[in-house]
$ cat model.txt   # compact mmCIF, C-alpha atoms
# COMPACT_ATOMS: atom_id res chain seq x y z
CA MET A 1 25.98 17.64 76.57
CA ILE A 2 23.75 18.56 79.52
CA THR A 3 23.95 16.12 82.45
CA ARG A 4 20.99 14.69 84.30
CA ARG A 5 21.96 16.58 87.47
CA GLN A 6 22.20 19.88 85.63
CA PHE A 7 18.86 19.24 83.95
CA VAL A 8 17.09 18.45 87.24
CA GLN A 9 18.57 21.46 89.04
CA ALA A 10 17.70 23.81 86.20
CA SER A 11 14.17 22.40 85.93
CA MET A 12 13.59 23.12 89.60
CA GLY A 13 14.84 26.64 89.10
CA ALA A 14 12.61 27.19 86.08
CA ALA A 15 9.56 25.97 87.96
CA ALA A 16 10.38 28.29 90.85
CA LEU A 17 10.61 31.25 88.48
CA GLY A 18 7.07 30.54 87.39
CA LEU A 19 5.87 31.48 90.88
CA LEU A 20 7.54 34.89 90.86
CA GLY A 21 6.90 38.14 89.07
CA GLN A 22 4.20 40.70 88.52
CA THR A 23 0.55 40.04 89.16
CA GLN A 24 -0.65 41.72 85.96
CA ALA A 25 0.62 42.00 82.40
CA GLN A 26 -0.25 44.30 79.52
CA PRO A 27 -1.65 42.45 76.48
CA VAL A 28 0.74 41.89 73.60
CA GLU A 29 -0.40 43.72 70.46
CA GLN A 30 0.17 40.79 68.07
CA PRO A 31 2.17 37.75 69.23
CA LYS A 32 4.29 35.62 66.95
CA PHE A 33 4.24 31.82 67.21
CA LEU A 34 7.36 30.13 65.87
CA TYR A 35 7.05 26.55 64.62
CA GLY A 36 9.99 24.49 63.45
CA PHE A 37 8.29 22.43 60.74
CA PRO A 38 6.55 23.17 57.41
CA PRO A 39 3.06 24.63 56.96
CA GLY A 40 0.31 22.04 56.86
CA SER A 41 1.99 19.62 59.25
CA SER A 42 0.08 18.53 62.35
CA GLY A 43 1.87 20.85 64.77
CA ASP A 44 1.42 23.74 62.37
CA ILE A 45 -2.34 23.20 62.59
CA VAL A 46 -2.09 23.38 66.40
CA ALA A 47 -0.23 26.69 66.20
CA ARG A 48 -2.62 28.22 63.68
CA ARG A 49 -5.86 27.20 65.34
CA ILE A 50 -4.70 28.51 68.71
CA ALA A 51 -3.29 31.66 67.08
CA GLU A 52 -6.77 32.42 65.76
CA ARG A 53 -8.40 32.10 69.18
CA ILE A 54 -6.24 34.24 71.47
CA ALA A 55 -7.33 37.69 70.27
CA GLY A 56 -9.06 39.83 72.86
CA THR A 57 -7.59 38.01 75.85
CA PRO A 58 -5.43 39.48 78.63
CA TYR A 59 -2.48 37.98 76.72
CA ALA A 60 -3.08 39.37 73.20
CA ARG A 61 -5.13 42.12 71.57
CA ASN A 62 -4.99 40.45 68.14
CA GLN A 63 -4.57 36.93 66.86
CA ALA A 64 -1.01 35.63 66.57
CA ILE A 65 1.09 35.34 63.44
CA VAL A 66 2.55 31.87 62.83
CA GLU A 67 6.07 31.86 61.43
CA ASN A 68 7.38 28.53 60.13
CA LYS A 69 11.11 28.26 60.69
CA ALA A 70 11.45 24.72 59.39
CA GLY A 71 14.61 22.65 59.57
CA ALA A 72 16.92 20.64 61.80
CA GLY A 73 14.04 18.77 63.45
CA GLY A 74 12.62 21.90 65.02
CA ARG A 75 15.92 23.19 66.39
CA ILE A 76 16.05 26.29 64.17
CA ALA A 77 12.82 27.64 65.64
CA LEU A 78 14.02 27.10 69.20
CA GLU A 79 17.32 28.79 68.43
CA ALA A 80 15.32 31.78 67.18
CA LEU A 81 13.22 31.75 70.36
CA ARG A 82 16.38 31.85 72.48
CA GLN A 83 17.32 35.14 70.82
CA ALA A 84 13.82 36.70 71.06
CA THR A 85 12.97 39.52 73.46
CA PRO A 86 11.50 38.00 76.66
CA ASP A 87 8.31 40.03 76.65
CA GLY A 88 5.73 37.44 75.55
CA ALA A 89 5.59 38.70 71.99
CA THR A 90 7.29 35.54 70.70
CA LEU A 91 6.46 31.97 71.67
CA CYS A 92 7.53 28.70 70.06
CA LEU A 93 5.49 25.53 69.64
CA SER A 94 7.70 22.45 69.86
CA PRO A 95 7.39 18.68 70.30
CA PHE A 96 8.93 17.43 73.53
CA SER A 97 11.61 15.56 71.59
CA ALA A 98 13.40 18.84 70.87
CA THR A 99 13.83 19.59 74.57
CA SER A 100 13.83 16.15 76.20
CA VAL A 101 15.38 13.78 73.63
CA TYR A 102 17.74 15.96 71.58
CA PRO A 103 19.99 16.74 74.59
CA HIS A 104 20.96 13.06 74.57
CA ILE A 105 21.70 13.09 70.83
CA TYR A 106 23.44 16.38 70.06
CA THR A 107 26.57 17.50 71.85
CA ARG A 108 25.91 21.02 70.58
CA LEU A 109 22.25 21.95 70.36
CA GLY A 110 22.42 25.70 69.86
CA TYR A 111 20.17 26.16 72.90
CA ASP A 112 19.88 24.99 76.49
CA PRO A 113 16.46 23.30 76.75
CA VAL A 114 15.98 24.35 80.37
CA ASN A 115 17.88 27.59 80.98
CA ASP A 116 16.98 29.28 77.68
CA PHE A 117 13.20 28.70 77.82
CA LEU A 118 10.18 28.80 80.10
CA PRO A 119 7.37 26.27 79.61
CA VAL A 120 4.02 27.97 78.96
CA SER A 121 1.55 25.16 78.24
CA ILE A 122 1.19 21.79 76.62
CA ALA A 123 -1.19 22.13 73.68
CA ALA A 124 -1.79 18.71 72.13
CA LEU A 125 -1.01 15.02 72.52
CA MET A 126 -0.15 12.64 69.72
CA PHE A 127 0.17 8.87 69.74
CA HIS A 128 2.55 7.19 67.34
CA GLY A 129 1.59 4.11 65.37
CA LEU A 130 3.16 1.10 63.69
CA ALA A 131 1.63 0.35 60.29
CA VAL A 132 2.38 -2.19 57.60
CA GLY A 133 1.56 -2.12 53.89
CA PRO A 134 1.09 -4.60 51.05
CA LEU A 135 4.69 -5.83 51.31
CA VAL A 136 3.60 -7.59 54.51
CA PRO A 137 1.07 -10.46 54.17
CA ALA A 138 -2.53 -9.85 55.25
CA SER A 139 -2.11 -12.65 57.81
CA VAL A 140 0.07 -10.27 59.87
CA LYS A 141 -2.48 -8.68 62.21
CA SER A 142 -0.53 -7.89 65.39
CA VAL A 143 2.86 -6.66 66.56
CA LYS A 144 3.90 -10.21 67.46
CA ASP A 145 2.85 -11.37 64.00
CA TYR A 146 4.96 -8.61 62.46
CA LEU A 147 8.02 -9.50 64.52
CA ALA A 148 7.68 -13.16 63.52
CA TRP A 149 7.36 -12.18 59.85
CA ALA A 150 10.32 -9.79 60.07
CA LYS A 151 12.48 -12.47 61.65
CA ALA A 152 11.57 -14.89 58.87
CA HIS A 153 12.14 -12.27 56.14
CA PRO A 154 15.25 -10.31 57.17
CA LYS A 155 15.72 -8.87 53.69
CA ASP A 156 12.41 -7.00 53.89
CA ALA A 157 12.43 -6.33 57.64
CA ASN A 158 12.55 -2.55 57.67
CA TYR A 159 10.59 0.40 59.00
CA GLY A 160 10.46 4.05 58.08
CA SER A 161 10.30 7.05 60.39
CA PRO A 162 9.86 10.78 59.75
CA ALA A 163 13.48 11.48 60.69
CA ALA A 164 16.60 9.92 62.16
CA GLY A 165 16.66 10.71 65.86
CA SER A 166 12.89 11.21 66.06
CA THR A 167 10.74 9.54 68.69
CA PRO A 168 9.18 7.19 66.08
CA HIS A 169 12.71 6.16 65.01
CA PHE A 170 13.46 5.15 68.58
CA ILE A 171 10.16 3.32 69.08
CA GLY A 172 10.99 1.12 66.08
CA ALA A 173 14.58 0.65 67.23
CA LEU A 174 13.47 -0.44 70.71
CA LEU A 175 10.89 -2.81 69.24
CA GLY A 176 13.64 -4.57 67.31
CA LEU A 177 16.29 -4.49 70.04
CA ASN A 178 14.00 -5.70 72.82
CA ASN A 179 12.76 -8.63 70.77
CA GLY A 180 15.92 -9.77 69.03
CA VAL A 181 14.77 -8.76 65.56
CA ASP A 182 16.98 -6.79 63.18
CA LEU A 183 14.62 -4.06 61.97
CA LYS A 184 16.45 -1.81 59.53
CA HIS A 185 15.63 1.87 59.90
CA VAL A 186 14.74 3.93 56.81
CA PRO A 187 14.71 7.66 57.68
CA TYR A 188 12.54 10.05 55.68
CA ARG A 189 12.13 13.81 55.60
CA GLY A 190 8.72 13.88 57.22
CA SER A 191 5.87 11.40 57.43
CA VAL A 192 4.23 11.82 54.03
CA PRO A 193 6.93 10.28 51.79
CA GLY A 194 7.36 7.35 54.16
CA VAL A 195 3.65 6.63 54.38
CA THR A 196 3.48 6.84 50.59
CA ASP A 197 6.22 4.20 50.31
CA VAL A 198 4.44 1.90 52.79
CA VAL A 199 1.21 2.16 50.80
CA GLY A 200 3.16 1.54 47.57
CA GLY A 201 4.97 -1.51 48.95
CA GLN A 202 8.45 0.03 48.76
CA ILE A 203 9.03 -0.53 52.49
CA ALA A 204 7.40 -2.97 54.89
CA SER A 205 6.32 -0.69 57.70
CA MET A 206 6.53 2.70 59.31
CA VAL A 207 6.39 4.25 62.77
CA THR A 208 5.08 7.81 62.73
CA PRO A 209 2.32 9.89 64.36
CA SER A 210 -0.78 7.75 64.04
CA GLY A 211 -2.81 10.62 62.61
CA ASP A 212 -0.80 10.30 59.40
CA PHE A 213 -2.15 6.76 58.96
CA ILE A 214 -5.84 7.33 59.62
CA ALA A 215 -7.12 7.94 56.09
CA HIS A 216 -5.09 5.09 54.57
CA HIS A 217 -6.05 2.71 57.39
CA ARG A 218 -9.74 3.41 56.87
CA ALA A 219 -9.33 2.98 53.12
CA GLY A 220 -7.62 -0.39 53.60
CA LYS A 221 -4.38 0.75 51.97
CA LEU A 222 -2.31 -0.07 55.05
CA ARG A 223 -2.91 -1.67 58.45
CA VAL A 224 -2.10 0.06 61.72
CA LEU A 225 -1.01 -2.72 64.07
CA ALA A 226 -0.51 -0.70 67.26
CA THR A 227 -0.57 2.79 68.72
CA SER A 228 1.71 4.09 71.45
CA GLY A 229 -0.71 5.71 73.91
CA SER A 230 -1.55 4.58 77.40
CA ARG A 231 -5.06 4.18 76.00
CA ARG A 232 -6.39 3.52 72.51
CA SER A 233 -6.43 6.43 70.11
CA PRO A 234 -9.95 7.87 69.86
CA PHE A 235 -9.30 8.15 66.12
CA LEU A 236 -8.29 4.49 65.72
CA PRO A 237 -10.40 2.74 68.38
CA ASP A 238 -10.13 -0.60 66.60
CA VAL A 239 -6.33 -0.65 66.98
CA PRO A 240 -4.88 -2.03 70.25
CA THR A 241 -1.99 -0.25 71.96
CA PHE A 242 1.53 -1.64 72.17
CA ALA A 243 0.92 -2.19 75.90
CA GLU A 244 -2.22 -4.23 75.24
CA GLN A 245 -0.13 -6.49 73.01
CA GLY A 246 2.62 -7.04 75.59
CA PHE A 247 4.98 -4.15 74.83
CA PRO A 248 4.35 -1.62 77.64
CA GLU A 249 7.84 -0.14 77.28
CA LEU A 250 6.72 1.38 73.98
CA THR A 251 4.04 3.53 75.60
CA VAL A 252 4.80 7.04 74.36
CA GLU A 253 2.48 10.04 74.31
CA GLU A 254 4.37 12.86 72.66
CA TRP A 255 3.17 16.39 73.16
CA PHE A 256 3.46 19.74 71.46
CA GLY A 257 4.02 22.58 73.91
CA PHE A 258 4.51 26.33 73.87
CA TYR A 259 7.72 27.86 75.21
CA ALA A 260 8.65 31.47 75.99
CA PRO A 261 12.18 32.90 76.18
CA ALA A 262 13.86 32.71 79.57
CA ARG A 263 13.29 35.79 81.75
CA THR A 264 9.81 36.36 80.35
CA PRO A 265 7.84 37.87 83.28
CA ALA A 266 5.76 35.33 85.19
CA ALA A 267 2.61 37.42 84.70
CA VAL A 268 3.07 37.30 80.93
CA VAL A 269 3.58 33.53 81.01
CA ALA A 270 0.44 33.17 83.12
CA ALA A 271 -1.59 35.29 80.70
CA ALA A 272 -0.34 33.28 77.71
CA ASN A 273 -1.09 30.03 79.52
CA ALA A 274 -4.65 31.11 80.25
CA ALA A 275 -5.25 32.20 76.64
CA ILE A 276 -3.87 28.94 75.22
CA ASN A 277 -5.89 26.78 77.60
CA GLN A 278 -9.02 28.76 76.82
CA ALA A 279 -8.44 28.24 73.08
CA LEU A 280 -8.00 24.49 73.60
CA LYS A 281 -11.54 24.28 75.00
CA ASP A 282 -13.01 25.69 71.80
CA GLN A 283 -14.83 22.91 69.95
CA SER A 284 -13.60 24.12 66.56
CA VAL A 285 -10.00 23.81 67.80
CA ILE A 286 -10.67 20.35 69.24
CA ASP A 287 -12.22 19.24 65.95
CA ALA A 288 -9.40 20.70 63.82
CA LEU A 289 -6.78 18.88 65.86
CA GLY A 290 -8.79 15.67 65.73
CA ILE A 291 -8.69 15.67 61.94
CA VAL A 292 -4.91 15.14 62.11
CA GLY A 293 -5.09 12.69 65.01
CA LEU A 294 -4.19 15.10 67.80
CA ILE A 295 -5.87 15.40 71.18
CA ALA A 296 -6.28 18.96 72.47
CA GLN A 297 -4.82 19.10 75.97
CA GLY A 298 -3.52 22.01 77.99
CA SER A 299 -1.49 22.19 81.19
CA THR A 300 0.02 24.55 83.71
CA PRO A 301 3.62 25.69 83.13
CA GLN A 302 4.66 23.58 86.11
CA GLU A 303 3.02 20.44 84.72
CA MET A 304 4.76 20.98 81.38
CA ALA A 305 8.13 21.49 83.09
CA ALA A 306 7.62 18.30 85.13
CA SER A 307 6.70 16.29 82.02
CA GLN A 308 9.71 17.65 80.13
CA LYS A 309 11.99 16.60 82.99
CA GLN A 310 10.37 13.16 83.19
CA GLU A 311 10.78 12.57 79.47
CA PHE A 312 14.41 13.75 79.60
CA GLU A 313 15.17 11.21 82.32
CA ARG A 314 13.31 8.44 80.52
CA TRP A 315 14.94 8.87 77.12
CA GLY A 316 18.55 9.22 78.29
CA PRO A 317 19.16 5.51 78.96
CA LEU A 318 16.99 4.49 76.00
CA VAL A 319 18.99 6.59 73.52
CA LYS A 320 22.17 5.11 75.02
CA LYS A 321 20.77 1.60 74.62
CA ILE A 322 19.92 2.27 70.98
CA GLY A 323 23.39 3.75 70.47
CA PHE A 324 22.26 6.65 68.32
CA THR A 325 24.02 10.01 68.17
CA ALA A 326 23.86 12.90 65.73
CA GLU A 327 27.00 11.47 64.14
CA SER A 328 25.50 7.98 63.71
$ encode --input "model.txt" --output "structure tokens"
Amino acid sequence: MITRRQFVQASMGAAALGLLGQTQAQPVEQPKFLYGFPPGSSGDIVARRIAERIAGTPYARNQAIVENKAGAGGRIALEALRQATPDGATLCLSPFSATSVYPHIYTRLGYDPVNDFLPVSIAALMFHGLAVGPLVPASVKSVKDYLAWAKAHPKDANYGSPAAGSTPHFIGALLGLNNGVDLKHVPYRGSVPGVTDVVGGQIASMVTPSGDFIAHHRAGKLRVLATSGSRRSPFLPDVPTFAEQGFPELTVEEWFGFYAPARTPAAVVAAANAAINQALKDQSVIDALGIVGLIAQGSTPQEMAASQKQEFERWGPLVKKIGFTAES
């Protein structure tokens, strides 16, 4: 398992590499974007909308091909990226959990999140949400109400997440641990089946990307009690954040970001970064991401590397507090 010192040292080295290299790069004929989750998922939409907008840029002559290498929480795609030729022809879109949280969970990842990859650009932000369904009385309107209800009804006090070891899993775990409430975790394979069970009253609640709740919340089929951003979600403006309700430690803004293989020339990384950030300013891309509750947001490679390092340092002690490992 990578240590904090190794992570920090390697992050500094990776950022330094971003300042070196050629000043110009030849456009890639047709890039490939790897994505570690199924087609139709929120991150897949990010990859596809950006892939459509990078043609004719200094980075790419044609639009990119998106290849879904789903499985193992996104790790399979990153393992494939590690083995790709470092020429800019292959990038991978990944949530930060795969590079900042997984190192604290898996003793053997199959990739080194710092030394095997170069950050290219953040692409989108997502806020997670806590929602309850018909199993929870309509009188429960806030996080504090939910905790009080869960404490009084331990048999039904559970929450789903899209996967064991995911950021939503840990948000729910911390909510229970920090408030002395035994919230039982119910892991699912993705958000959809869990949300379906909340709406159907099979489980009490779920923590997952808030975009997956929007349609059901508006239809009155479930109630989103809180979102995890530092500000309210623009897609759920009526829902207060965890911080607004007295739980600032649950402020989490997870991002999807593009990575290149290590040793990709700095000029190629710069060209890819410029193309991605240009695509993220396209109103059609902004609107497409908004439909699934994502906020289009780019970055420099250095900003992405700094955020990855910050999240790695934040989640280490939290994962230890929760006591979760891949063998749990």
$ residues_around --input "model.txt" --residues "stretch 54-61 of chain A" --least-positions-apart "2" --cutoff "8 Å" --atoms "all atoms listed in the file" --output "list in words"
Ala25, Gln26, Pro27, Val28, Glu29, Gln30, Pro31, Ile50, Ala51, Glu52, Gln63, Ala64, Val268, Ala271, Ala272, Ala275, Ile276 and Ala279 of chain A
$ residues_around --input "model.txt" --residues "A:Leu109" --least-positions-apart "6" --cutoff "9 Å" --atoms "all atoms listed in the file" --output "list of chain:residue names"
A:Met1, A:Arg75, A:Glu79, A:Tyr102, A:Pro103
$ residues_around --input "model.txt" --residues "A:Val101" --least-positions-apart "3" --cutoff "9 Å" --atoms "all atoms listed in the file" --output "list in words"
Phe96, Ser97, Ala98, His104, Ile105, Gly165, Ser166, Thr167, Glu311, Phe312, Arg314, Trp315, Gly316 and Val319 of chain A
$ write_last_selection --input "model.txt" --atoms "C-alpha atoms" --output "compact mmCIF listing (two decimals), in the coordinates of the input"
# COMPACT_ATOMS: atom_id res chain seq x y z
CA PHE A 96 8.93 17.43 73.53
CA SER A 97 11.61 15.56 71.59
CA ALA A 98 13.40 18.84 70.87
CA HIS A 104 20.96 13.06 74.57
CA ILE A 105 21.70 13.09 70.83
CA GLY A 165 16.66 10.71 65.86
CA SER A 166 12.89 11.21 66.06
CA THR A 167 10.74 9.54 68.69
CA GLU A 311 10.78 12.57 79.47
CA PHE A 312 14.41 13.75 79.60
CA ARG A 314 13.31 8.44 80.52
CA TRP A 315 14.94 8.87 77.12
CA GLY A 316 18.55 9.22 78.29
CA VAL A 319 18.99 6.59 73.52
$ closest_residue --input "model.txt" --among "A:Gly290, A:Pro168, A:Ser139, A:Gly110" --to "A:Gln83" --atoms "all atoms listed in the file"
A:Gly110
$ residues_near_point --input "model.txt" --point "(9.4, 21.3, 58.5)" --cutoff "7 Å" --atoms "only C-alpha atoms" --output "NGL selection string"
:A and (36-38 or 70-71)
$ atom_distance --input "model.txt" --atom1 "atom CA of A:Leu183" --atom2 "atom CA of A:Ala157"
5.4 Å
$ residues_around --input "model.txt" --residues "stretch 223-237 of chain A" --least-positions-apart "6" --cutoff "9 Å" --atoms "all atoms listed in the file" --output "PyMOL selection string"
chain A and resi 126-134+138+140-143+146+171+209-211+213-214+216-217+243-245+248+250-254+290-291+293-295
$ write_last_selection --input "model.txt" --atoms "C-alpha atoms" --output "short mmCIF file (atom, residue, chain, number, x, y, z; two decimals), keeping the file's coordinate frame"
data_model
loop_
_atom_site.label_atom_id
_atom_site.label_comp_id
_atom_site.auth_asym_id
_atom_site.auth_seq_id
_atom_site.Cartn_x
_atom_site.Cartn_y
_atom_site.Cartn_z
CA MET A 126 -0.15 12.64 69.72
CA PHE A 127 0.17 8.87 69.74
CA HIS A 128 2.55 7.19 67.34
CA GLY A 129 1.59 4.11 65.37
CA LEU A 130 3.16 1.10 63.69
CA ALA A 131 1.63 0.35 60.29
CA VAL A 132 2.38 -2.19 57.60
CA GLY A 133 1.56 -2.12 53.89
CA PRO A 134 1.09 -4.60 51.05
CA ALA A 138 -2.53 -9.85 55.25
CA VAL A 140 0.07 -10.27 59.87
CA LYS A 141 -2.48 -8.68 62.21
CA SER A 142 -0.53 -7.89 65.39
CA VAL A 143 2.86 -6.66 66.56
CA TYR A 146 4.96 -8.61 62.46
CA ILE A 171 10.16 3.32 69.08
CA PRO A 209 2.32 9.89 64.36
CA SER A 210 -0.78 7.75 64.04
CA GLY A 211 -2.81 10.62 62.61
CA PHE A 213 -2.15 6.76 58.96
CA ILE A 214 -5.84 7.33 59.62
CA HIS A 216 -5.09 5.09 54.57
CA HIS A 217 -6.05 2.71 57.39
CA ALA A 243 0.92 -2.19 75.90
CA GLU A 244 -2.22 -4.23 75.24
CA GLN A 245 -0.13 -6.49 73.01
CA PRO A 248 4.35 -1.62 77.64
CA LEU A 250 6.72 1.38 73.98
CA THR A 251 4.04 3.53 75.60
CA VAL A 252 4.80 7.04 74.36
CA GLU A 253 2.48 10.04 74.31
CA GLU A 254 4.37 12.86 72.66
CA GLY A 290 -8.79 15.67 65.73
CA ILE A 291 -8.69 15.67 61.94
CA GLY A 293 -5.09 12.69 65.01
CA LEU A 294 -4.19 15.10 67.80
CA ILE A 295 -5.87 15.40 71.18
#
$ closest_residue --input "model.txt" --among "A:Thr241, A:Thr85, A:Gln202, A:Thr300" --to "A:Val269" --atoms "only C-alpha atoms"
A:Thr300
$ residues_near_point --input "model.txt" --point "(-3.2, 21.5, 79.3)" --cutoff "12 Å" --atoms "all atoms listed in the file" --output "compact mmCIF listing (two decimals) with C-alpha atoms, keeping the file's coordinate frame"
# COMPACT_ATOMS: atom_id res chain seq x y z
CA PRO A 119 7.37 26.27 79.61
CA VAL A 120 4.02 27.97 78.96
CA SER A 121 1.55 25.16 78.24
CA ILE A 122 1.19 21.79 76.62
CA ALA A 123 -1.19 22.13 73.68
CA ALA A 124 -1.79 18.71 72.13
CA LEU A 125 -1.01 15.02 72.52
CA TRP A 255 3.17 16.39 73.16
CA PHE A 256 3.46 19.74 71.46
CA GLY A 257 4.02 22.58 73.91
CA PHE A 258 4.51 26.33 73.87
CA ASN A 273 -1.09 30.03 79.52
CA ALA A 274 -4.65 31.11 80.25
CA ALA A 275 -5.25 32.20 76.64
CA ILE A 276 -3.87 28.94 75.22
CA ASN A 277 -5.89 26.78 77.60
CA GLN A 278 -9.02 28.76 76.82
CA ALA A 279 -8.44 28.24 73.08
CA LEU A 280 -8.00 24.49 73.60
CA LYS A 281 -11.54 24.28 75.00
CA ILE A 295 -5.87 15.40 71.18
CA ALA A 296 -6.28 18.96 72.47
CA GLN A 297 -4.82 19.10 75.97
CA GLY A 298 -3.52 22.01 77.99
CA SER A 299 -1.49 22.19 81.19
CA THR A 300 0.02 24.55 83.71
CA PRO A 301 3.62 25.69 83.13
CA GLN A 302 4.66 23.58 86.11
CA GLU A 303 3.02 20.44 84.72
CA MET A 304 4.76 20.98 81.38
CA ALA A 305 8.13 21.49 83.09
CA SER A 307 6.70 16.29 82.02
$ atom_distance --input "model.txt" --atom1 "atom CA of A:Pro162" --atom2 "atom CA of A:Gly74"
12.6 Å
$ closest_residue --input "model.txt" --among "A:Thr196, A:Tyr259, A:Gly201, A:Pro113" --to "A:Tyr35" --atoms "only C-alpha atoms"
A:Tyr259
$ closest_residue --input "model.txt" --among "A:Val192, A:Ala84, A:Ile203, A:Leu147" --to "A:Tyr159" --atoms "only C-alpha atoms"
A:Ile203
$ atom_distance --input "model.txt" --atom1 "atom CA of A:Leu78" --atom2 "atom CA of A:Glu249"
29.1 Å
$ closest_residue --input "model.txt" --among "A:Phe247, A:Pro95, A:Ile76, A:Gly43" --to "A:Asn178" --atoms "all atoms listed in the file"
A:Phe247
$ residues_around --input "model.txt" --residues "A:His185" --least-positions-apart "6" --cutoff "8 Å" --atoms "only C-alpha atoms" --output "PyMOL selection string"
chain A and resi 158-161+169+172-173
$ decode --input "model.txt" --residues "stretch 98-111 of chain A" --atoms "N, CA, C and O atoms" --output "PDB file, in the first residue's frame"
ATOM      1  N   ALA A  98     -10.806   6.448  -7.548  1.00  0.00           N
ATOM      2  CA  ALA A  98      -9.934   5.380  -8.042  1.00  0.00           C
ATOM      3  C   ALA A  98      -8.463   5.685  -7.855  1.00  0.00           C
ATOM      4  O   ALA A  98      -7.625   4.767  -7.855  1.00  0.00           O
ATOM      5  N   THR A  99      -8.128   6.969  -7.689  1.00  0.00           N
ATOM      6  CA  THR A  99      -6.726   7.338  -7.509  1.00  0.00           C
ATOM      7  C   THR A  99      -6.426   7.913  -6.120  1.00  0.00           C
ATOM      8  O   THR A  99      -5.274   7.926  -5.695  1.00  0.00           O
ATOM      9  N   SER A 100      -7.447   8.370  -5.416  1.00  0.00           N
ATOM     10  CA  SER A 100      -7.229   8.996  -4.113  1.00  0.00           C
ATOM     11  C   SER A 100      -7.760   8.182  -2.934  1.00  0.00           C
ATOM     12  O   SER A 100      -7.232   8.280  -1.824  1.00  0.00           O
ATOM     13  N   VAL A 101      -8.794   7.370  -3.174  1.00  0.00           N
ATOM     14  CA  VAL A 101      -9.397   6.583  -2.093  1.00  0.00           C
ATOM     15  C   VAL A 101      -8.960   5.126  -2.151  1.00  0.00           C
ATOM     16  O   VAL A 101      -8.599   4.530  -1.123  1.00  0.00           O
ATOM     17  N   TYR A 102      -8.946   4.549  -3.339  1.00  0.00           N
ATOM     18  CA  TYR A 102      -8.590   3.133  -3.480  1.00  0.00           C
ATOM     19  C   TYR A 102      -7.220   2.776  -2.895  1.00  0.00           C
ATOM     20  O   TYR A 102      -7.054   1.667  -2.384  1.00  0.00           O
ATOM     21  N   PRO A 103      -6.211   3.660  -2.964  1.00  0.00           N
ATOM     22  CA  PRO A 103      -4.923   3.293  -2.369  1.00  0.00           C
ATOM     23  C   PRO A 103      -4.999   2.971  -0.883  1.00  0.00           C
ATOM     24  O   PRO A 103      -4.146   2.252  -0.356  1.00  0.00           O
ATOM     25  N   HIS A 104      -6.029   3.481  -0.213  1.00  0.00           N
ATOM     26  CA  HIS A 104      -6.205   3.202   1.215  1.00  0.00           C
ATOM     27  C   HIS A 104      -7.018   1.928   1.458  1.00  0.00           C
ATOM     28  O   HIS A 104      -7.131   1.473   2.595  1.00  0.00           O
ATOM     29  N   ILE A 105      -7.582   1.371   0.386  1.00  0.00           N
ATOM     30  CA  ILE A 105      -8.468   0.211   0.506  1.00  0.00           C
ATOM     31  C   ILE A 105      -7.798  -1.074   0.024  1.00  0.00           C
ATOM     32  O   ILE A 105      -7.902  -2.115   0.663  1.00  0.00           O
ATOM     33  N   TYR A 106      -7.111  -0.959  -1.117  1.00  0.00           N
ATOM     34  CA  TYR A 106      -6.540  -2.144  -1.763  1.00  0.00           C
ATOM     35  C   TYR A 106      -5.027  -2.203  -1.562  1.00  0.00           C
ATOM     36  O   TYR A 106      -4.318  -1.237  -1.861  1.00  0.00           O
ATOM     37  N   THR A 107      -4.558  -3.322  -1.049  1.00  0.00           N
ATOM     38  CA  THR A 107      -3.116  -3.486  -0.883  1.00  0.00           C
ATOM     39  C   THR A 107      -2.439  -3.703  -2.229  1.00  0.00           C
ATOM     40  O   THR A 107      -1.265  -3.384  -2.404  1.00  0.00           O
ATOM     41  N   ARG A 108      -3.190  -4.235  -3.187  1.00  0.00           N
ATOM     42  CA  ARG A 108      -2.665  -4.429  -4.536  1.00  0.00           C
ATOM     43  C   ARG A 108      -3.670  -3.856  -5.532  1.00  0.00           C
ATOM     44  O   ARG A 108      -4.718  -4.445  -5.783  1.00  0.00           O
ATOM     45  N   LEU A 109      -3.328  -2.711  -6.096  1.00  0.00           N
ATOM     46  CA  LEU A 109      -4.252  -2.033  -6.987  1.00  0.00           C
ATOM     47  C   LEU A 109      -4.126  -2.471  -8.441  1.00  0.00           C
ATOM     48  O   LEU A 109      -5.080  -2.413  -9.198  1.00  0.00           O
ATOM     49  N   GLY A 110      -2.943  -2.850  -8.857  1.00  0.00           N
ATOM     50  CA  GLY A 110      -2.717  -3.122 -10.271  1.00  0.00           C
ATOM     51  C   GLY A 110      -2.187  -1.901 -10.995  1.00  0.00           C
ATOM     52  O   GLY A 110      -1.896  -1.953 -12.190  1.00  0.00           O
ATOM     53  N   TYR A 111      -2.077  -0.782 -10.279  1.00  0.00           N
ATOM     54  CA  TYR A 111      -1.493   0.437 -10.833  1.00  0.00           C
ATOM     55  C   TYR A 111      -1.060   1.332  -9.677  1.00  0.00           C
ATOM     56  O   TYR A 111      -1.564   1.237  -8.560  1.00  0.00           O
TER      57      TYR A 111
END
